[in-house]
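Undergrad: Handing you this structure, nothing more for now.
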Amino acid sequence: MPGFMTYIFIGLVAVLIIWLLMKYLLWKSRRDAAQKKSRLIKKTAEAKGLVITCPLCGSRLQKGEDLFSRVYRPMNVPHQLCTISGCPHCYPSLEPGLKRECPVCHKQVPMEEGHLVARLFNYADGKKHVAVSGCTECCKKGEN
């Protein structure tokens with residue numbers, strides 16, 4: 001009788017190992033499919049010129065990620081003042097290995113009270129363009 005229980009135990013362990021292997025292979029195939037889809041989306045966006053990088057830290061923004069910015073009124077003018085605080089990678093907390101650097105003066109932009117000053121141009125065809133004037137540090141000193 002003890003030999004019979006050993007065979008049952010070995011059989012259950014074998015079934016468990018096969019079941020875990022199947023789960024792992026299913027998980028791996030789903031992960032690979034998601035990575036392939038992500039690469040395809042990035043490639044398509046790059047081909048269309050839709051890849052956006054954060055002007056502060058230089059991180060590429062994925063689909064669904066936006067810059068933290070504030071556009072000031074009036075809304076019916078061809079250009080408006082706006083401030084850019086950063087992206088999800090550098091604002092409100094900075095990810096390891098990234099630096100918040102001004103694209104104009106190339107100095108560190110402080111986390112508290114630091115942002116980029118820019119102009120948002122609204123064209124008649126609905127397109128928009130942003131021109132960065134500088135950061136709070138270099139605009140305060142009148143360097144640009």
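Each chain in the structure tokens gets a letter, A, B and so on, in the order shown; residues start at 1 in every chain, and ligands are counted from 1 in the order they appear.
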List every residue of chain A that DSSP, applied to the backbone of this structure, assigns to strand (DSSP E or B), and report them as a PyMOL selection string.

TA: chain A and resi 53+60+68-71+79-86+101+108+116-122+128-135

Undergrad: With N, CA, C and O atoms kept, could you save the residues just selected as a short mmCIF file (atom, residue, chain, number, x, y, z; two decimals), in the first residue's frame?

TA:
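Result written to again.cif:
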data_model
loop_
_atom_site.label_atom_id
_atom_site.label_comp_id
_atom_site.auth_asym_id
_atom_site.auth_seq_id
_atom_site.Cartn_x
_atom_site.Cartn_y
_atom_site.Cartn_z
N THR A 53 8.47 64.17 -26.75
CA THR A 53 9.42 64.06 -25.66
C THR A 53 9.21 65.23 -24.70
O THR A 53 8.82 66.32 -25.12
N ARG A 60 10.60 60.03 -23.47
CA ARG A 60 9.57 59.84 -24.49
C ARG A 60 8.25 59.53 -23.79
O ARG A 60 8.21 58.69 -22.89
N PHE A 68 2.31 68.06 -17.93
CA PHE A 68 1.59 68.89 -16.97
C PHE A 68 1.87 70.33 -17.35
O PHE A 68 2.99 70.82 -17.21
N SER A 69 0.85 71.01 -17.87
CA SER A 69 1.03 72.38 -18.34
C SER A 69 -0.19 73.21 -17.97
O SER A 69 -1.25 72.68 -17.63
N ARG A 70 0.00 74.52 -18.06
CA ARG A 70 -1.10 75.45 -17.77
C ARG A 70 -1.08 76.51 -18.85
O ARG A 70 -0.05 77.13 -19.11
N VAL A 71 -2.23 76.72 -19.50
CA VAL A 71 -2.37 77.72 -20.56
C VAL A 71 -3.21 78.86 -20.00
O VAL A 71 -4.26 78.64 -19.40
N HIS A 79 -1.57 83.64 -29.99
CA HIS A 79 -0.58 82.99 -29.12
C HIS A 79 -0.89 83.32 -27.66
O HIS A 79 -1.37 84.39 -27.33
N GLN A 80 -0.62 82.34 -26.80
CA GLN A 80 -0.94 82.46 -25.39
C GLN A 80 0.29 82.10 -24.55
O GLN A 80 1.12 81.30 -24.97
N LEU A 81 0.35 82.66 -23.38
CA LEU A 81 1.39 82.30 -22.42
C LEU A 81 1.03 80.96 -21.80
O LEU A 81 -0.14 80.70 -21.50
N CYS A 82 2.00 80.09 -21.63
CA CYS A 82 1.76 78.82 -20.94
C CYS A 82 2.99 78.43 -20.14
O CYS A 82 4.09 78.89 -20.43
N THR A 83 2.77 77.60 -19.14
CA THR A 83 3.87 77.07 -18.34
C THR A 83 3.84 75.55 -18.42
O THR A 83 2.77 74.95 -18.46
N ILE A 84 5.00 74.94 -18.45
CA ILE A 84 5.12 73.48 -18.53
C ILE A 84 5.86 73.02 -17.28
O ILE A 84 7.01 73.39 -17.06
N SER A 85 5.17 72.22 -16.45
CA SER A 85 5.76 71.74 -15.20
C SER A 85 6.56 70.46 -15.40
O SER A 85 7.49 70.19 -14.66
N GLY A 86 6.20 69.65 -16.38
CA GLY A 86 6.93 68.41 -16.65
C GLY A 86 6.01 67.32 -17.14
O GLY A 86 4.87 67.56 -17.50
N GLU A 101 16.20 69.67 -16.87
CA GLU A 101 17.13 70.65 -17.41
C GLU A 101 16.41 71.59 -18.37
O GLU A 101 15.63 71.15 -19.22
N GLN A 108 19.75 73.29 -14.16
CA GLN A 108 18.76 72.47 -13.47
C GLN A 108 17.53 73.31 -13.14
O GLN A 108 17.65 74.44 -12.65
N LEU A 116 8.88 75.58 -17.05
CA LEU A 116 9.28 76.24 -18.29
C LEU A 116 8.23 77.28 -18.66
O LEU A 116 7.03 77.05 -18.50
N VAL A 117 8.68 78.40 -19.18
CA VAL A 117 7.79 79.44 -19.68
C VAL A 117 7.78 79.28 -21.19
O VAL A 117 8.83 79.17 -21.82
N ALA A 118 6.58 79.28 -21.78
CA ALA A 118 6.48 79.04 -23.22
C ALA A 118 5.33 79.84 -23.82
O ALA A 118 4.51 80.42 -23.11
N ARG A 119 5.30 79.86 -25.13
CA ARG A 119 4.20 80.45 -25.90
C ARG A 119 3.52 79.35 -26.68
O ARG A 119 4.19 78.54 -27.35
N LEU A 120 2.20 79.31 -26.62
CA LEU A 120 1.40 78.35 -27.37
C LEU A 120 0.78 79.09 -28.54
O LEU A 120 0.01 80.04 -28.35
N PHE A 121 1.14 78.69 -29.75
CA PHE A 121 0.61 79.32 -30.95
C PHE A 121 -0.55 78.49 -31.48
O PHE A 121 -0.40 77.29 -31.72
N ASN A 122 -1.70 79.13 -31.67
CA ASN A 122 -2.90 78.47 -32.19
C ASN A 122 -3.08 78.91 -33.64
O ASN A 122 -3.36 80.08 -33.91
N LYS A 128 -1.41 73.35 -33.36
CA LYS A 128 -0.80 74.12 -32.28
C LYS A 128 0.71 73.93 -32.31
O LYS A 128 1.21 72.91 -32.75
N HIS A 129 1.41 74.94 -31.84
CA HIS A 129 2.88 74.88 -31.77
C HIS A 129 3.31 75.55 -30.47
O HIS A 129 2.76 76.58 -30.09
N VAL A 130 4.28 74.96 -29.79
CA VAL A 130 4.78 75.51 -28.54
C VAL A 130 6.24 75.92 -28.72
O VAL A 130 7.05 75.15 -29.22
N ALA A 131 6.56 77.14 -28.30
CA ALA A 131 7.93 77.63 -28.33
C ALA A 131 8.34 77.94 -26.90
O ALA A 131 7.73 78.78 -26.23
N VAL A 132 9.37 77.25 -26.41
CA VAL A 132 9.84 77.44 -25.04
C VAL A 132 10.73 78.67 -24.98
O VAL A 132 11.70 78.80 -25.73
N SER A 133 10.41 79.59 -24.06
CA SER A 133 11.19 80.81 -23.86
C SER A 133 12.32 80.61 -22.87
O SER A 133 13.34 81.29 -22.93
N GLY A 134 12.13 79.69 -21.92
CA GLY A 134 13.14 79.44 -20.91
C GLY A 134 12.49 78.89 -19.64
O GLY A 134 11.32 78.57 -19.63
N CYS A 135 13.28 78.83 -18.58
CA CYS A 135 12.77 78.33 -17.31
C CYS A 135 12.53 79.50 -16.36
O CYS A 135 12.80 80.65 -16.69
#

Undergrad: Find, counting only C-alpha atoms, the residue in A:Lys99, A:Lys43, A:His89, A:Arg73 that gets nearest to Leu61 in chain A.

TA: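 The closest residue to Leu61 in chain A is A:His89.
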
Undergrad: When distances are computed from only C-alpha atoms, which of A:Tyr91, A:Val77, A:Leu26, A:Gly97 shows the smallest separation from Tyr123 in chain A?

TA: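 With only C-alpha atoms as the atom set, the closest residue is A:Val77.
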
Undergrad: CA of Pro78 in chain A to CA of Ala124 in chain A: how many Å, to one decimal?

TA: 8.3 Å

Undergrad: Report as a PyMOL selection string: the residues of chain A with a DSSP assignment of helix (DSSP H, G or I), based on the backbone of this structure.

TA: chain A and resi 2-48+136-141

Undergrad: May I ask for the distance between CA of Tyr72 in chain A and CA of Pro55 in chain A, given in Å to one decimal place?

TA: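 Going from CA of Tyr72 in chain A over to CA of Pro55 in chain A, I get 19.1 Å.
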